[in-house]
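For reference, target-v5.tsv (TSV, C-alpha atoms and all ligand atoms):
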chain	number	residue	atom	x	y	z
A	1	MET	CA	-3.80	24.22	97.70
A	2	PHE	CA	-7.21	25.78	98.21
A	3	TYR	CA	-6.23	29.44	97.98
A	4	LYS	CA	-4.45	30.00	94.65
A	5	GLN	CA	-3.15	33.26	96.11
A	6	PHE	CA	-0.88	31.25	98.38
A	7	LEU	CA	0.98	29.58	95.51
A	8	GLU	CA	3.47	32.42	95.31
A	9	ALA	CA	3.93	32.34	99.08
A	10	LYS	CA	5.65	29.01	98.57
A	11	ASP	CA	8.60	30.85	97.07
A	12	VAL	CA	9.00	32.90	100.22
A	13	PHE	CA	7.93	30.64	103.09
A	14	ASN	CA	8.52	27.00	103.82
A	15	PRO	CA	6.16	25.23	101.33
A	16	GLU	CA	4.95	22.78	103.96
A	17	PHE	CA	3.99	25.63	106.26
A	18	VAL	CA	2.11	27.36	103.44
A	19	GLU	CA	0.18	24.15	102.70
A	20	ASN	CA	-0.68	23.69	106.36
A	21	PHE	CA	-1.78	27.28	106.71
A	22	ASP	CA	-3.88	27.06	103.55
A	23	TYR	CA	-5.57	23.91	104.82
A	24	TRP	CA	-6.04	25.26	108.34
A	25	LEU	CA	-7.57	28.53	107.13
A	26	THR	CA	-9.89	26.79	104.68
A	27	THR	CA	-11.22	24.32	107.22
A	28	LEU	CA	-11.72	26.78	110.08
A	29	PRO	CA	-15.24	26.51	111.50
A	30	GLU	CA	-17.37	29.57	110.80
A	31	ASN	CA	-17.21	30.94	114.33
A	32	ASN	CA	-13.40	30.71	114.31
A	33	GLN	CA	-12.96	32.71	111.15
A	34	LYS	CA	-12.47	35.83	113.20
A	35	ASN	CA	-10.14	36.81	116.05
A	36	ILE	CA	-7.29	35.06	114.31
A	37	THR	CA	-4.00	36.14	115.86
A	38	ALA	CA	-0.39	35.33	115.10
A	39	SER	CA	-0.27	33.45	118.43
A	40	VAL	CA	-3.06	31.15	117.28
A	41	VAL	CA	-1.35	30.38	113.99
A	42	SER	CA	1.96	29.95	115.75
A	43	SER	CA	0.62	27.43	118.27
A	44	ARG	CA	-1.70	25.59	115.87
A	45	LEU	CA	0.85	25.15	113.12
A	46	GLY	CA	3.94	24.93	115.27
A	47	VAL	CA	5.85	27.78	113.68
A	48	LYS	CA	7.68	30.75	115.14
A	49	TYR	CA	5.57	33.77	116.03
A	50	MET	CA	7.27	36.03	113.51
A	51	LEU	CA	6.62	33.58	110.69
A	52	ALA	CA	2.95	33.34	111.64
A	53	ASP	CA	2.75	37.12	111.77
A	54	LEU	CA	4.29	37.47	108.29
A	55	MET	CA	1.97	34.84	106.84
A	56	LEU	CA	-1.07	36.68	108.19
A	57	LYS	CA	0.22	39.93	106.69
A	58	PHE	CA	0.73	38.15	103.38
A	59	ALA	CA	-2.86	36.84	103.43
A	60	GLU	CA	-4.06	40.34	104.30
A	61	GLY	CA	-2.18	41.74	101.33
A	62	LYS	CA	-3.96	39.22	99.10
A	63	GLY	CA	-7.36	40.37	100.35
A	64	ILE	CA	-8.08	37.07	102.12
A	65	LEU	CA	-7.89	38.39	105.66
A	66	GLU	CA	-8.82	41.75	107.11
A	67	LYS	CA	-7.00	43.24	110.06
A	68	TYR	CA	-8.78	44.91	112.96
A	69	TYR	CA	-8.17	45.56	116.64
A	70	LEU	CA	-9.83	44.25	119.78
A	71	VAL	CA	-9.91	46.17	123.03
A	72	LYS	CA	-10.06	44.00	126.13
A	73	CYS	CA	-11.12	45.30	129.52
A	74	PRO	CA	-8.01	45.60	131.72
A	75	ASP	CA	-10.01	44.24	134.68
A	76	CYS	CA	-12.48	41.62	133.45
A	77	ASP	CA	-10.78	40.65	130.16
A	78	PHE	CA	-14.11	41.08	128.34
A	79	ILE	CA	-13.80	42.30	124.72
A	80	ILE	CA	-15.19	45.81	125.05
A	81	ASP	CA	-14.53	47.24	121.61
A	82	VAL	CA	-13.71	46.21	118.07
A	83	ILE	CA	-11.98	49.01	116.21
A	84	SER	CA	-10.02	49.99	113.13
A	85	LYS	CA	-6.50	51.38	113.12
A	86	ASP	CA	-7.89	54.91	112.80
A	87	GLU	CA	-9.68	54.54	116.12
A	88	ILE	CA	-6.72	53.33	118.20
A	89	ALA	CA	-5.54	56.82	119.13
A	90	SER	CA	-8.93	57.94	120.45
A	91	ARG	CA	-9.35	54.78	122.57
A	92	LEU	CA	-5.90	55.23	124.15
A	93	VAL	CA	-6.65	58.84	124.94
A	94	GLU	CA	-10.33	58.70	125.86
A	95	GLY	CA	-10.74	55.18	127.26
A	96	VAL	CA	-13.52	52.65	126.62
A	97	TYR	CA	-16.70	51.83	128.54
A	98	CYS	CA	-16.92	48.26	129.85
A	99	SER	CA	-20.53	47.18	130.14
A	100	ASP	CA	-19.54	44.27	132.36
A	101	CYS	CA	-17.76	46.43	134.93
A	102	GLU	CA	-20.19	49.28	134.18
A	103	GLU	CA	-17.53	51.96	134.08
A	104	MET	CA	-15.06	53.76	131.83
A	105	LYS	CA	-11.69	52.04	131.60
A	106	ASP	CA	-8.25	53.45	130.89
A	107	VAL	CA	-6.92	51.55	127.94
A	108	GLN	CA	-3.21	50.89	127.37
A	109	PRO	CA	-1.48	49.31	124.38
A	110	ASN	CA	-1.29	45.96	126.16
A	111	ASN	CA	-5.13	45.91	126.23
A	112	ILE	CA	-5.40	46.28	122.45
A	113	TYR	CA	-4.83	43.22	120.27
A	114	GLU	CA	-4.25	42.85	116.59
A	115	ALA	CA	-6.51	40.23	114.99
A	116	TYR	CA	-7.71	39.12	111.57
A	117	LYS	CA	-10.91	37.78	110.10
A	118	VAL	CA	-11.50	35.81	106.92
A	119	ILE	CA	-13.10	37.96	104.24
A	120	LYS	CA	-12.45	35.82	101.19
A	121	HIS	CA	-13.03	32.09	100.88
A	122	PRO	CA	-11.13	29.86	98.49
A	123	ASP	CA	-12.61	29.11	95.13
A	124	VAL	CA	-13.27	25.41	95.78
A	125	THR	CA	-16.33	23.26	96.47
A	126	GLU	CA	-17.40	21.87	99.85
A	127	GLU	CA	-16.73	18.44	98.42
A	128	GLU	CA	-13.11	19.17	97.66
A	129	ILE	CA	-12.65	20.51	101.17
A	130	ALA	CA	-14.34	17.44	102.68
A	131	LYS	CA	-12.01	15.19	100.72
A	132	ALA	CA	-8.97	17.03	101.97
A	133	ILE	CA	-10.21	16.71	105.55
A	134	VAL	CA	-10.67	12.97	105.23
A	135	LYS	CA	-7.15	12.71	103.82
A	136	ARG	CA	-5.76	14.57	106.76
A	137	LEU	CA	-7.80	12.96	109.52
A	138	GLY	CA	-5.78	12.89	112.65
A	139	PHE	CA	-4.78	16.54	112.37
A	140	LYS	CA	-6.10	17.85	115.65
A	141	GLN	CA	-7.69	21.24	115.85
A	142	GLY	CA	-8.81	23.03	118.96
A	143	ASN	CA	-11.38	25.76	119.15
A	144	ASP	CA	-9.93	27.99	121.82
A	145	ILE	CA	-8.60	31.34	120.75
A	146	ASN	CA	-5.80	32.81	122.77
A	147	PHE	CA	-4.32	36.25	122.88
A	148	ASN	CA	-0.71	36.62	123.88
A	149	ARG	CA	1.15	39.76	124.82
A	150	ALA	CA	2.88	39.46	121.46
A	151	ASP	CA	-0.47	40.11	119.73
A	152	SER	CA	-1.02	43.28	121.74
A	153	LEU	CA	-0.03	46.70	120.57
A	154	LEU	CA	2.67	46.83	123.23
A	155	SER	CA	4.62	44.57	120.88
A	156	LYS	CA	3.52	46.31	117.72
A	157	LYS	CA	5.07	49.70	118.25
A	158	SER	CA	4.90	50.86	114.64
A	159	THR	CA	1.12	50.45	114.71
A	160	LEU	CA	1.02	52.73	117.75
A	161	TYR	CA	3.02	55.41	115.98
A	162	GLU	CA	0.84	55.11	112.89
A	163	ALA	CA	-2.26	55.37	115.05
A	164	PHE	CA	-1.19	58.90	115.96
A	165	TYR	CA	0.44	59.96	112.70
A	166	SER	CA	-0.44	58.68	109.24
A	167	PRO	CA	-1.01	61.37	106.63
A	168	ASP	CA	-2.89	60.17	103.55
A	169	GLU	CA	-2.00	60.66	99.89
A	170	SER	CA	-3.64	64.07	99.67
A	171	ALA	CA	-1.72	65.22	102.75
A	172	TYR	CA	1.59	64.26	101.17
A	173	LYS	CA	0.55	66.09	98.01
A	174	GLU	CA	-0.09	69.20	100.09
A	175	PHE	CA	3.28	68.82	101.88
A	176	LYS	CA	4.98	68.75	98.47
A	177	ARG	CA	3.06	71.76	97.23
A	178	LEU	CA	3.95	73.79	100.31
A	179	ARG	CA	7.59	72.72	100.06
A	180	SER	CA	7.75	73.95	96.47
A	181	GLU	CA	6.65	77.39	97.73
A	182	LEU	CA	9.70	77.67	99.97
A	183	ASN	CA	12.02	78.78	97.18
A	184	ALA	CA	9.60	81.14	95.44
A	185	ASP	CA	10.83	84.67	94.80
A	186	TYR	CA	9.45	86.77	97.63
A	187	GLY	CA	11.55	89.84	96.72
A	188	LYS	CA	11.90	92.05	99.75
A	189	ASN	CA	8.87	90.54	101.46
A	190	THR	CA	10.70	88.62	104.17
A	191	THR	CA	7.46	88.04	106.08
A	192	SER	CA	5.91	85.97	103.29
A	193	LYS	CA	9.17	84.15	102.79
A	194	GLY	CA	9.32	83.26	106.46
A	195	SER	CA	5.69	82.28	106.68
A	196	ALA	CA	6.07	79.88	103.72
A	197	LEU	CA	8.13	77.59	105.95
A	198	GLU	CA	5.82	78.13	108.91
A	199	LYS	CA	2.85	77.03	106.80
A	200	LEU	CA	4.60	73.82	105.80
A	201	VAL	CA	5.69	73.06	109.35
A	202	LEU	CA	2.20	73.74	110.73
A	203	GLU	CA	0.71	71.45	108.09
A	204	ILE	CA	3.09	68.59	108.89
A	205	ILE	CA	2.89	68.87	112.69
A	206	GLY	CA	-0.88	69.33	112.42
A	207	HIS	CA	-1.13	65.77	111.19
A	208	ILE	CA	-0.18	64.43	114.61
A	209	LYS	CA	-3.46	63.45	116.24
A	210	TYR	CA	-4.37	65.42	119.37
A	211	VAL	CA	-1.82	68.10	118.57
A	212	ARG	CA	-3.17	71.52	117.72
A	213	VAL	CA	-0.91	74.07	116.09
A	214	SER	CA	-0.93	77.82	115.85
A	215	ASP	CA	1.32	80.56	114.56
A	216	LYS	CA	-0.54	83.23	116.52
A	217	VAL	CA	0.72	82.70	120.06
A	218	ARG	CA	2.38	85.72	121.68
A	219	THR	CA	3.74	86.29	125.14
A	220	GLY	CA	4.61	89.62	126.75
A	221	THR	CA	8.05	89.56	125.20
A	222	ASN	CA	8.03	86.99	122.45
A	223	GLN	CA	6.16	85.79	119.47
A	224	PHE	CA	6.61	82.12	118.77
A	225	ASP	CA	6.71	81.10	115.13
A	226	CYS	CA	4.70	77.98	115.77
A	227	THR	CA	3.27	76.61	118.96
A	228	ALA	CA	1.95	73.07	119.14
A	229	LEU	CA	-0.41	72.15	121.95
A	230	CYS	CA	-0.26	68.52	122.92
A	231	GLY	CA	-2.84	68.05	125.62
A	232	ILE	CA	-2.89	64.29	125.95
A	233	SER	CA	-1.60	61.84	128.47
A	234	THR	CA	-0.76	58.53	126.96
A	235	LEU	CA	2.15	56.37	127.99
A	236	TYR	CA	2.67	55.22	124.45
A	237	PRO	CA	4.10	56.38	122.14
A	238	SER	CA	6.32	57.77	124.91
A	239	VAL	CA	7.47	60.70	122.79
A	240	PHE	CA	4.20	62.41	123.82
A	241	ASN	CA	5.68	62.86	127.28
A	242	THR	CA	8.18	65.25	125.75
A	243	LEU	CA	5.67	66.91	123.41
A	244	ALA	CA	3.18	67.66	126.20
A	245	PRO	CA	1.91	70.11	127.29
A	246	TYR	CA	3.20	72.07	124.29
A	247	PHE	CA	6.29	72.57	122.21
A	248	ILE	CA	7.64	75.53	120.33
A	249	ILE	CA	9.09	75.78	116.86
A	250	GLU	CA	11.28	78.54	115.47
A	251	CYS	CA	11.33	78.57	111.68
A	252	LYS	CA	14.06	80.02	109.48
A	253	ASN	CA	13.45	79.97	105.75
A	254	GLU	CA	16.96	80.93	104.73
A	255	LEU	CA	18.79	78.91	102.10
A	256	LYS	CA	22.20	80.52	102.36
A	257	LYS	CA	22.94	80.78	106.05
A	258	LYS	CA	23.15	78.04	108.65
A	259	PRO	CA	21.20	78.93	111.80
A	260	ASP	CA	23.72	79.51	114.56
A	261	ASN	CA	23.78	79.34	118.32
A	262	ASN	CA	21.66	82.49	118.63
A	263	TYR	CA	18.60	80.49	117.65
A	264	CYS	CA	19.46	77.75	120.06
A	265	ASN	CA	19.96	80.23	122.91
A	266	LYS	CA	16.78	82.13	122.07
A	267	LEU	CA	14.74	78.93	122.17
A	268	LEU	CA	16.41	77.79	125.36
A	269	SER	CA	15.64	81.08	127.09
A	270	ILE	CA	12.01	80.68	126.02
A	271	ILE	CA	11.54	77.16	127.30
A	272	ASP	CA	13.42	78.14	130.46
A	273	THR	CA	10.54	80.37	131.42
A	274	ASN	CA	7.55	78.25	130.45
A	275	ASP	CA	6.28	74.68	130.59
A	276	ALA	CA	7.49	73.52	127.19
A	277	LYS	CA	10.00	70.70	127.32
A	278	LEU	CA	10.82	70.70	123.65
A	279	GLY	CA	11.95	73.39	121.25
A	280	ILE	CA	12.53	72.83	117.55
A	281	ILE	CA	14.69	74.91	115.24
A	282	TRP	CA	13.28	74.25	111.80
A	283	ALA	CA	15.54	75.69	109.14
A	284	ARG	CA	16.53	74.99	105.55
A	285	LYS	CA	20.19	74.22	106.21
A	286	ASP	CA	21.39	72.10	109.08
A	287	VAL	CA	22.35	74.15	112.13
A	288	THR	CA	25.96	74.84	113.04
A	289	SER	CA	27.50	72.06	115.09
A	290	THR	CA	27.81	74.26	118.18
A	291	CYS	CA	24.00	74.13	118.40
A	292	PHE	CA	24.12	70.43	119.09
A	293	THR	CA	26.73	70.93	121.80
A	294	THR	CA	24.72	73.73	123.38
A	295	ALA	CA	21.55	71.62	123.27
A	296	ARG	CA	23.37	68.68	124.81
A	297	GLU	CA	24.90	70.77	127.61
A	298	HIS	CA	21.59	72.40	128.37
A	299	TYR	CA	19.88	69.03	128.50
A	300	LEU	CA	22.50	67.76	130.95
A	301	THR	CA	22.24	70.74	133.31
A	302	HIS	CA	18.46	70.33	133.40
A	303	SER	CA	18.17	66.56	133.35
A	304	ARG	CA	17.80	66.44	137.13
A	305	SER	CA	15.43	69.38	137.36
A	306	LYS	CA	11.68	69.03	137.28
A	307	LYS	CA	11.36	69.03	133.53
A	308	ASP	CA	13.46	68.10	130.53
A	309	GLN	CA	14.61	70.85	128.20
A	310	ILE	CA	15.49	69.60	124.79
A	311	ILE	CA	16.28	71.38	121.55
A	312	ILE	CA	16.16	69.49	118.29
A	313	THR	CA	16.69	70.75	114.77
A	314	PHE	CA	15.22	70.03	111.35
A	315	SER	CA	16.51	70.94	107.90
A	316	ASP	CA	15.76	70.24	104.23
A	317	GLU	CA	17.40	66.85	104.68
A	318	ASP	CA	14.80	65.96	107.29
A	319	LEU	CA	12.02	67.21	105.02
A	320	LYS	CA	13.18	64.61	102.51
A	321	GLU	CA	12.77	61.92	105.13
A	322	ILE	CA	9.37	63.22	106.24
A	323	ILE	CA	7.89	64.01	102.83
A	324	ASP	CA	9.68	61.77	100.33
A	325	ASN	CA	10.57	58.76	102.44
A	326	ARG	CA	7.40	59.13	104.54
A	327	VAL	CA	9.02	58.31	107.87
A	328	ASN	CA	6.72	58.41	110.84
A	329	LEU	CA	7.09	61.91	112.27
A	330	LEU	CA	6.62	60.81	115.89
A	331	GLN	CA	9.21	58.10	115.60
A	332	TYR	CA	11.50	60.52	113.80
A	333	MET	CA	11.11	63.13	116.55
A	334	GLU	CA	11.84	60.46	119.10
A	335	TYR	CA	15.02	59.67	117.21
A	336	LYS	CA	16.01	63.37	117.19
A	337	ILE	CA	15.39	63.59	120.93
A	338	PHE	CA	17.34	60.39	121.50
A	339	LYS	CA	20.34	61.90	119.71
A	340	VAL	CA	20.45	64.78	122.20
A	341	THR	CA	19.71	62.81	125.35
A	342	SER	CA	22.16	60.03	124.51
A	343	SER	CA	24.70	62.40	122.97
A	344	SER	CA	24.99	60.20	119.90
A	345	LYS	CA	25.55	62.85	117.28
A	346	THR	CA	26.41	60.30	114.59
A	347	CYS	CA	23.43	58.04	115.18
A	348	THR	CA	21.34	57.63	112.03
A	349	TYR	CA	17.61	57.01	111.85
A	350	GLU	CA	18.22	53.47	110.55
A	351	MET	CA	20.48	52.68	113.50
A	352	PHE	CA	17.83	54.04	115.84
A	353	LEU	CA	15.10	51.88	114.29
A	354	GLU	CA	17.35	48.87	114.59
A	355	MET	CA	17.78	49.51	118.32
A	356	TYR	CA	14.07	49.94	118.87
A	357	LYS	CA	13.00	47.05	116.70
A	358	GLU	CA	9.76	45.35	117.61
A	359	GLU	CA	9.98	42.30	119.77
B	401	ZN	ZN	-14.63	45.07	132.54
Rewrite the structure of this file - the entire thing - as structure tokens.
Amino acid sequence: MFYKQFLEAKDVFNPEFVENFDYWLTTLPENNQKNITASVVSSRLGVKYMLADLMLKFAEGKGILEKYYLVKCPDCDFIIDVISKDEIASRLVEGVYCSDCEEMKDVQPNNIYEAYKVIKHPDVTEEEIAKAIVKRLGFKQGNDINFNRADSLLSKKSTLYEAFYSPDESAYKEFKRLRSELNADYGKNTTSKGSALEKLVLEIIGHIKYVRVSDKVRTGTNQFDCTALCGISTLYPSVFNTLAPYFIIECKNELKKKPDNNYCNKLLSIIDTNDAKLGIIWARKDVTSTCFTTAREHYLTHSRSKKDQIIITFSDEDLKEIIDNRVNLLQYMEYKIFKVTSSSKTCTYEMFLEMYKEE
């Protein structure tokens, strides 16, 4: 073994595969030490794609490889951008200029590929490597790098969700601080009590990229607790189709009472008269079960009209998932929406993830 870091991988993976990977990575020519994809490893070493993918992730975890993303022109296949995970969202929304085609290109997840480059070399001499090569002579190695659909973001859905929502440590700290304010003694000041929850909700939703939130929107007849503008058109993650052009959140910071159908009906009457497709009741306790039925019936009566109308609900239990278990909010919202549209009241988030597992 050249990379000592791979010794422990032998407990997890097939030892022969680990040895081959170690040898292959060590002897890669300089110009092939980048643009390494799971497809390349899979075809070179004759292992299943998923195994190759896991091995690359393992090497990344050990600081040997670094992950990045390549954007290929949808028309000429030229690599037009090399980006980090943080930049994926902006490329999907704003597009990328192709200097070969000399124009801006719409970029989709199938144009973005996950790749790795070698950033740490093994602690061995050239001589030791040369010896190993002589020993293995006959092991053929091509130079061509290929990108398969499996390497593209279309097959790496969780990366897409993370590209649009990934709060950092300090954000989670702030979520926790704001949550601890929810139960403070506000005396008779119901406005401050109510706005404590609004602040938390605005903070969380505000971490979705390209979504702008406000608690100041008023119409002639209504004031919305929170309004979230989602002015982007991206096919993926598809939940944005429901979030755009905006969605409305009614907050209820009340520990003792379950929000009842009145909230559901109020929200429904609001989204009936504007362009929002999604309304959220964000309360402390879970809503009464009639809310779900009402939401489901309303969805059905509108499912053939020109826009969807969906009501979903959040409670303290969901805050645990979002803040403590750090679920991806977009994926979690998609799950909530799925529950209403598929009428699967008993579906859990784990079951949902299982159904939508990556290819
Ligand atoms: Zn091009």
Site check for ligand ZN 401 (chain B): residues at most 12 Å away, only C-alpha atoms and all ligand atoms, as a PyMOL selection string: chain A and resi 71-81+96-107+111
Quick one: residues within 8 Å of A:Leu243, only C-alpha atoms counted, chain neighbours fewer than 6 positions away excluded, as a list of chain:residue names?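 These residues fall inside the cut-off: A:Cys230, A:Ala276, A:Lys277, A:Leu278.
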Box time for stretch 31-43 of chain A: axis-aligned, enclosing all its listed atoms, 3 Å extra on each side; report centre and edge lengths in Å to one decimal, as AutoDock Vina command-line options.
--center_x -7.6 --center_y 32.1 --center_z 114.8 --size_x 25.2 --size_y 15.4 --size_z 13.3
Quick one: which stretch 221-300 of chain A residues come within 12 Å of stretch 335-347 of chain A, and what is the nearest atom pair for each with the distance in Å to one decimal, counting all atoms listed in the file, rows ordered by chain and ascending number, as a Markdown table?
| residue | atom | partner | partner_atom | distance |
| --- | --- | --- | --- | --- |
| A:Ser238 | CA | A:Ile337 | CA | 11.5 |
| A:Val239 | CA | A:Ile337 | CA | 8.6 |
| A:Phe240 | CA | A:Ile337 | CA | 11.6 |
| A:Asn241 | CA | A:Ile337 | CA | 11.6 |
| A:Thr242 | CA | A:Ile337 | CA | 8.8 |
| A:Leu243 | CA | A:Ile337 | CA | 10.6 |
| A:Lys277 | CA | A:Ile337 | CA | 11.0 |
| A:Leu278 | CA | A:Ile337 | CA | 8.9 |
| A:Gly279 | CA | A:Ile337 | CA | 10.4 |
| A:Ile280 | CA | A:Lys336 | CA | 10.1 |
| A:Ile281 | CA | A:Lys336 | CA | 11.8 |
| A:Ser289 | CA | A:Lys345 | CA | 9.7 |
| A:Thr290 | CA | A:Lys345 | CA | 11.7 |
| A:Cys291 | CA | A:Val340 | CA | 10.7 |
| A:Phe292 | CA | A:Val340 | CA | 7.4 |
| A:Thr293 | CA | A:Val340 | CA | 8.8 |
| A:Thr294 | CA | A:Val340 | CA | 10.0 |
| A:Ala295 | CA | A:Val340 | CA | 7.0 |
| A:Arg296 | CA | A:Val340 | CA | 5.5 |
| A:Glu297 | CA | A:Val340 | CA | 9.2 |
| A:His298 | CA | A:Val340 | CA | 9.9 |
| A:Tyr299 | CA | A:Thr341 | CA | 7.0 |
| A:Leu300 | CA | A:Thr341 | CA | 8.0 |
For those residues, write C-alpha atoms to a file as a tab-separated table (two decimals), keeping the file's coordinate frame.
chain	number	residue	atom	x	y	z
A	238	SER	CA	6.32	57.77	124.91
A	239	VAL	CA	7.47	60.70	122.79
A	240	PHE	CA	4.20	62.41	123.82
A	241	ASN	CA	5.68	62.86	127.28
A	242	THR	CA	8.18	65.25	125.75
A	243	LEU	CA	5.67	66.91	123.41
A	277	LYS	CA	10.00	70.70	127.32
A	278	LEU	CA	10.82	70.70	123.65
A	279	GLY	CA	11.95	73.39	121.25
A	280	ILE	CA	12.53	72.83	117.55
A	281	ILE	CA	14.69	74.91	115.24
A	289	SER	CA	27.50	72.06	115.09
A	290	THR	CA	27.81	74.26	118.18
A	291	CYS	CA	24.00	74.13	118.40
A	292	PHE	CA	24.12	70.43	119.09
A	293	THR	CA	26.73	70.93	121.80
A	294	THR	CA	24.72	73.73	123.38
A	295	ALA	CA	21.55	71.62	123.27
A	296	ARG	CA	23.37	68.68	124.81
A	297	GLU	CA	24.90	70.77	127.61
A	298	HIS	CA	21.59	72.40	128.37
A	299	TYR	CA	19.88	69.03	128.50
A	300	LEU	CA	22.50	67.76	130.95
Find the distance between atom CA of A:Thr288 and atom CA of A:Asp260 and write it in Å to one decimal.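 Between these atoms lies a distance of 5.4 Å.
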For atom CA of A:Asn265 and atom CA of A:Ser305, quote the distance in Å rounded to one decimal.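 Going from atom CA of A:Asn265 over to atom CA of A:Ser305 covers 18.6 Å.
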Counting all atoms listed in the file, which residues come within 12 Å of (-7.9, 58.4, 122.8), with the point read in the file's coordinates, and could you list them as a list in words?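 I get Asp86, Glu87, Ile88, Ala89, Ser90, Arg91, Leu92, Val93, Glu94, Gly95, Val96, Lys105, Asp106, Val107, Gln108, Pro109, Leu160, Ala163, Phe164, Lys209, Tyr210, Gly231, Ile232, Ser233, Thr234, Leu235 and Tyr236 of chain A for the residues within 12 Å of that point.
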Taking all atoms listed in the file into account, which of A:Arg326, A:Lys307, A:Arg177, A:Arg149 comes nearest A:Tyr49?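 Answer, going by the shortest atom-to-atom distance: A:Arg149.
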Protein/DNA/RNA residues near (-1.0, 75.8, 115.6), cut 12 Å, all atoms listed in the file, as a short mmCIF file (atom, residue, chain, number, x, y, z; two decimals) with C-alpha atoms, keeping the file's coordinate frame:
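Generated output (out.cif):
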data_model
loop_
_atom_site.label_atom_id
_atom_site.label_comp_id
_atom_site.auth_asym_id
_atom_site.auth_seq_id
_atom_site.Cartn_x
_atom_site.Cartn_y
_atom_site.Cartn_z
CA GLU A 198 5.82 78.13 108.91
CA LYS A 199 2.85 77.03 106.80
CA LEU A 200 4.60 73.82 105.80
CA VAL A 201 5.69 73.06 109.35
CA LEU A 202 2.20 73.74 110.73
CA GLU A 203 0.71 71.45 108.09
CA ILE A 204 3.09 68.59 108.89
CA ILE A 205 2.89 68.87 112.69
CA GLY A 206 -0.88 69.33 112.42
CA HIS A 207 -1.13 65.77 111.19
CA ILE A 208 -0.18 64.43 114.61
CA TYR A 210 -4.37 65.42 119.37
CA VAL A 211 -1.82 68.10 118.57
CA ARG A 212 -3.17 71.52 117.72
CA VAL A 213 -0.91 74.07 116.09
CA SER A 214 -0.93 77.82 115.85
CA ASP A 215 1.32 80.56 114.56
CA LYS A 216 -0.54 83.23 116.52
CA VAL A 217 0.72 82.70 120.06
CA PHE A 224 6.61 82.12 118.77
CA ASP A 225 6.71 81.10 115.13
CA CYS A 226 4.70 77.98 115.77
CA THR A 227 3.27 76.61 118.96
CA ALA A 228 1.95 73.07 119.14
CA LEU A 229 -0.41 72.15 121.95
CA CYS A 230 -0.26 68.52 122.92
CA TYR A 246 3.20 72.07 124.29
CA PHE A 247 6.29 72.57 122.21
CA ILE A 248 7.64 75.53 120.33
CA ILE A 249 9.09 75.78 116.86
#
Using only C-alpha atoms, which of the listed residues (A:Pro15, A:Pro237, A:Pro259, A:Gly46) sits closest to A:Thr313? A:Pro259
Set out as a Markdown table a contact list for stretch 265-288 of chain A and stretch 186-195 of chain A with a cut-off of 12 Å, giving each residue of stretch 265-288 of chain A that qualifies its closest atom pair and distance in Å to one decimal, counting only C-alpha atoms, ordered by chain and rising residue number.
| residue | atom | partner | partner_atom | distance |
| --- | --- | --- | --- | --- |
| A:Trp282 | CA | A:Gly194 | CA | 11.2 |
| A:Ala283 | CA | A:Gly194 | CA | 10.2 |
| A:Arg284 | CA | A:Gly194 | CA | 11.0 |
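For the residues A:Glu8, A:Glu354, A:Glu66, A:Asp286, ranking by smallest atom-to-atom distance to A:Asn35 using only C-alpha atoms places A:Glu66 first.
For A:Ile322, the set of protein, DNA and RNA residues having any atom at most 12 Å away, when counting all atoms listed in the file and skipping those fewer than 3 positions along the same chain, is Tyr165, Ser166, Pro167, Ala171, Tyr172, Phe175, Lys176, Arg179, Leu200, Val201, Ile204, Ile205, His207, Phe314, Ser315, Asp316, Glu317, Asp318, Leu319, Asn325, Arg326, Val327, Asn328, Leu329, Leu330, Gln331, Tyr332, Met333 and Tyr349 of chain A.
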Atom CA of A:Leu65 to atom CA of A:Lys135, distance in Å rounded to a single decimal: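 Separation between atom CA of A:Leu65 and atom CA of A:Lys135: 25.8 Å.
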Pick out the residues sitting within 12 Å of A:Glu16, and hand them over as an mmCIF file with C-alpha atoms, keeping the file's coordinate frame; count all atoms listed in the file, and ignore anything fewer than 2 positions along from it in its own chain.
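File produced: out.cif:
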data_model
loop_
_atom_site.group_PDB
_atom_site.id
_atom_site.type_symbol
_atom_site.label_atom_id
_atom_site.label_comp_id
_atom_site.auth_asym_id
_atom_site.auth_seq_id
_atom_site.Cartn_x
_atom_site.Cartn_y
_atom_site.Cartn_z
ATOM 1 C CA MET A 1 -3.800 24.220 97.700
ATOM 2 C CA PHE A 6 -0.880 31.250 98.380
ATOM 3 C CA LEU A 7 0.980 29.580 95.510
ATOM 4 C CA ALA A 9 3.930 32.340 99.080
ATOM 5 C CA LYS A 10 5.650 29.010 98.570
ATOM 6 C CA ASP A 11 8.600 30.850 97.070
ATOM 7 C CA VAL A 12 9.000 32.900 100.220
ATOM 8 C CA PHE A 13 7.930 30.640 103.090
ATOM 9 C CA ASN A 14 8.520 27.000 103.820
ATOM 10 C CA VAL A 18 2.110 27.360 103.440
ATOM 11 C CA GLU A 19 0.180 24.150 102.700
ATOM 12 C CA ASN A 20 -0.680 23.690 106.360
ATOM 13 C CA PHE A 21 -1.780 27.280 106.710
ATOM 14 C CA ASP A 22 -3.880 27.060 103.550
ATOM 15 C CA TYR A 23 -5.570 23.910 104.820
ATOM 16 C CA LEU A 45 0.850 25.150 113.120
ATOM 17 C CA GLY A 46 3.940 24.930 115.270
ATOM 18 C CA VAL A 47 5.850 27.780 113.680
#
